[in-house]
Amino acid sequence: MRFETISPKEIDRYIYNKRMLIIDVRGEKEYQKAHIENAINIPFEKLEKDYAKMPKDLVLILYCERGGTSLLAAKELFDRGYVVKALIGGITGYRGEHLVTD
């Protein structure tokens with residue numbers, strides 16, 4: 001891989017960093033049930049269509065349910081010149097204090 005992967009423990013230090021954009025690539029219903037604080041929801045299918053609209057001046061941190069889809073998205077964004085990090089294990093592996101649930 002040519003982009004960085006981060007562990008669930010590491011993501012907490014990025015949540016309030018204004019130079020980072022945390023993106024949940026799951027569907028809207030999954031996002032509404034639970035997501036990491038300050039994450040925005042851009043489902044993978046929509047992200048795929050709108051790569052050019054993503055900000056290149058921020059580090060993009062992607063996550064999904066278990067990590068596979070966000071790795072695919074991270075590779076695509078990296079190949080297009082973005083600085084990207086992907087959360088290993090997705091939200092399923094996250095046990096931090098910044099989990100927002102409905």
# chains A, B, ... in the order shown; residues from 1 in each chain; ligands from 1

$ select_by_dssp --residues "chain A" --states "strand (DSSP E or B)" --output "ChimeraX atom specification"
/A:4-6,20-24,34-36,40-41,59-63,84-87,99-101

$ write_last_selection --atoms "C-alpha atoms" --output "compact mmCIF listing (two decimals), in the first residue's frame"
# COMPACT_ATOMS: atom_id res chain seq x y z
CA GLU A 4 -1.00 5.06 5.52
CA THR A 5 -3.24 2.82 7.57
CA ILE A 6 -4.02 3.70 11.16
CA MET A 20 -7.98 16.24 8.75
CA LEU A 21 -11.31 15.23 7.28
CA ILE A 22 -12.76 11.99 8.62
CA ILE A 23 -15.07 10.30 6.12
CA ASP A 24 -17.43 7.43 6.84
CA ALA A 34 -23.21 4.93 14.85
CA HIS A 35 -20.27 6.97 13.61
CA ILE A 36 -17.05 8.51 14.85
CA ILE A 40 -18.91 13.20 7.61
CA ASN A 41 -20.84 10.63 5.64
CA VAL A 59 -5.65 14.72 4.98
CA LEU A 60 -8.56 12.37 4.34
CA ILE A 61 -9.17 9.63 6.91
CA LEU A 62 -11.54 6.97 5.66
CA TYR A 63 -13.41 4.23 7.48
CA VAL A 84 -5.11 9.55 2.67
CA LYS A 85 -5.22 7.37 5.77
CA ALA A 86 -7.48 4.33 6.20
CA LEU A 87 -8.75 2.97 9.50
CA LEU A 99 -18.49 7.04 19.11
CA VAL A 100 -21.77 8.80 18.35
CA THR A 101 -24.85 6.57 18.44

$ residues_around --residues "Ala52 (chain A)" --least-positions-apart "4" --cutoff "12 Å" --atoms "only C-alpha atoms" --output "PDB file with N, CA and C atoms, in the first residue's frame"
ATOM      1  N   LYS A  46     -21.164   7.235  -3.782  1.00  0.00           N
ATOM      2  CA  LYS A  46     -21.167   8.669  -4.086  1.00  0.00           C
ATOM      3  C   LYS A  46     -19.731   9.197  -4.153  1.00  0.00           C
ATOM      4  N   LEU A  47     -18.896   8.748  -3.258  1.00  0.00           N
ATOM      5  CA  LEU A  47     -17.500   9.168  -3.244  1.00  0.00           C
ATOM      6  C   LEU A  47     -16.835   8.826  -4.572  1.00  0.00           C
ATOM      7  N   GLU A  48     -17.141   7.635  -5.068  1.00  0.00           N
ATOM      8  CA  GLU A  48     -16.585   7.176  -6.339  1.00  0.00           C
ATOM      9  C   GLU A  48     -16.917   8.133  -7.477  1.00  0.00           C
ATOM     10  N   LYS A  56      -8.177  18.734  -1.590  1.00  0.00           N
ATOM     11  CA  LYS A  56      -6.805  18.231  -1.648  1.00  0.00           C
ATOM     12  C   LYS A  56      -5.910  18.881  -0.597  1.00  0.00           C
ATOM     13  N   GLU A  76      -8.027   4.536  -4.313  1.00  0.00           N
ATOM     14  CA  GLU A  76      -8.496   5.367  -5.434  1.00  0.00           C
ATOM     15  C   GLU A  76      -8.143   6.839  -5.218  1.00  0.00           C
ATOM     16  N   LEU A  77      -8.368   7.336  -4.010  1.00  0.00           N
ATOM     17  CA  LEU A  77      -8.049   8.737  -3.729  1.00  0.00           C
ATOM     18  C   LEU A  77      -6.542   8.976  -3.762  1.00  0.00           C
ATOM     19  N   ARG A  80      -5.229   9.412  -7.101  1.00  0.00           N
ATOM     20  CA  ARG A  80      -5.618  10.693  -7.700  1.00  0.00           C
ATOM     21  C   ARG A  80      -4.906  11.879  -7.041  1.00  0.00           C
ATOM     22  N   GLY A  81      -3.949  11.593  -6.176  1.00  0.00           N
ATOM     23  CA  GLY A  81      -3.126  12.651  -5.611  1.00  0.00           C
ATOM     24  C   GLY A  81      -3.511  13.157  -4.235  1.00  0.00           C
ATOM     25  N   TYR A  82      -4.423  12.500  -3.566  1.00  0.00           N
ATOM     26  CA  TYR A  82      -4.827  12.913  -2.231  1.00  0.00           C
ATOM     27  C   TYR A  82      -3.936  12.293  -1.169  1.00  0.00           C
TER      28      TYR A  82
END

$ residues_around --residues "Arg2 (chain A)" --least-positions-apart "2" --cutoff "9 Å" --atoms "only C-alpha atoms" --output "PyMOL selection string"
chain A and resi 4+75+78-79

$ write_last_selection --atoms "N, CA, C and O atoms" --output "PDB file, in the first residue's frame"
ATOM      1  N   GLU A   4      -1.160   5.516   4.129  1.00  0.00           N
ATOM      2  CA  GLU A   4      -1.000   5.061   5.516  1.00  0.00           C
ATOM      3  C   GLU A   4      -2.279   4.427   6.039  1.00  0.00           C
ATOM      4  O   GLU A   4      -3.386   4.875   5.734  1.00  0.00           O
ATOM      5  N   LYS A  75      -7.235   3.828  -1.709  1.00  0.00           N
ATOM      6  CA  LYS A  75      -6.356   3.571  -2.854  1.00  0.00           C
ATOM      7  C   LYS A  75      -6.739   4.459  -4.035  1.00  0.00           C
ATOM      8  O   LYS A  75      -5.885   5.064  -4.680  1.00  0.00           O
ATOM      9  N   PHE A  78      -5.771   8.057  -3.211  1.00  0.00           N
ATOM     10  CA  PHE A  78      -4.315   8.190  -3.239  1.00  0.00           C
ATOM     11  C   PHE A  78      -3.824   8.243  -4.687  1.00  0.00           C
ATOM     12  O   PHE A  78      -2.972   9.072  -5.030  1.00  0.00           O
ATOM     13  N   ASP A  79      -4.349   7.374  -5.511  1.00  0.00           N
ATOM     14  CA  ASP A  79      -3.953   7.347  -6.924  1.00  0.00           C
ATOM     15  C   ASP A  79      -4.297   8.642  -7.649  1.00  0.00           C
ATOM     16  O   ASP A  79      -3.715   8.952  -8.678  1.00  0.00           O
TER      17      ASP A  79
END

$ select_by_dssp --residues "chain A" --states "helix (DSSP H, G or I)" --output "ChimeraX atom specification"
/A:8-14,28-33,44-49,51-53,68-79,91-93

$ atom_distance --atom1 "CA of Ser70 (chain A)" --atom2 "CA of Val25 (chain A)"
6.5 Å

$ atom_distance --atom1 "CA of Pro43 (chain A)" --atom2 "CA of Glu65 (chain A)"
11.5 Å

$ closest_residue --among "A:Lys33, A:Arg66, A:Arg26, A:Arg19" --to "Glu45 (chain A)" --atoms "only C-alpha atoms"
A:Arg26

$ closest_residue --among "A:Pro8, A:Glu28, A:Pro55, A:Phe44" --to "Val83 (chain A)" --atoms "only C-alpha atoms"
A:Pro55
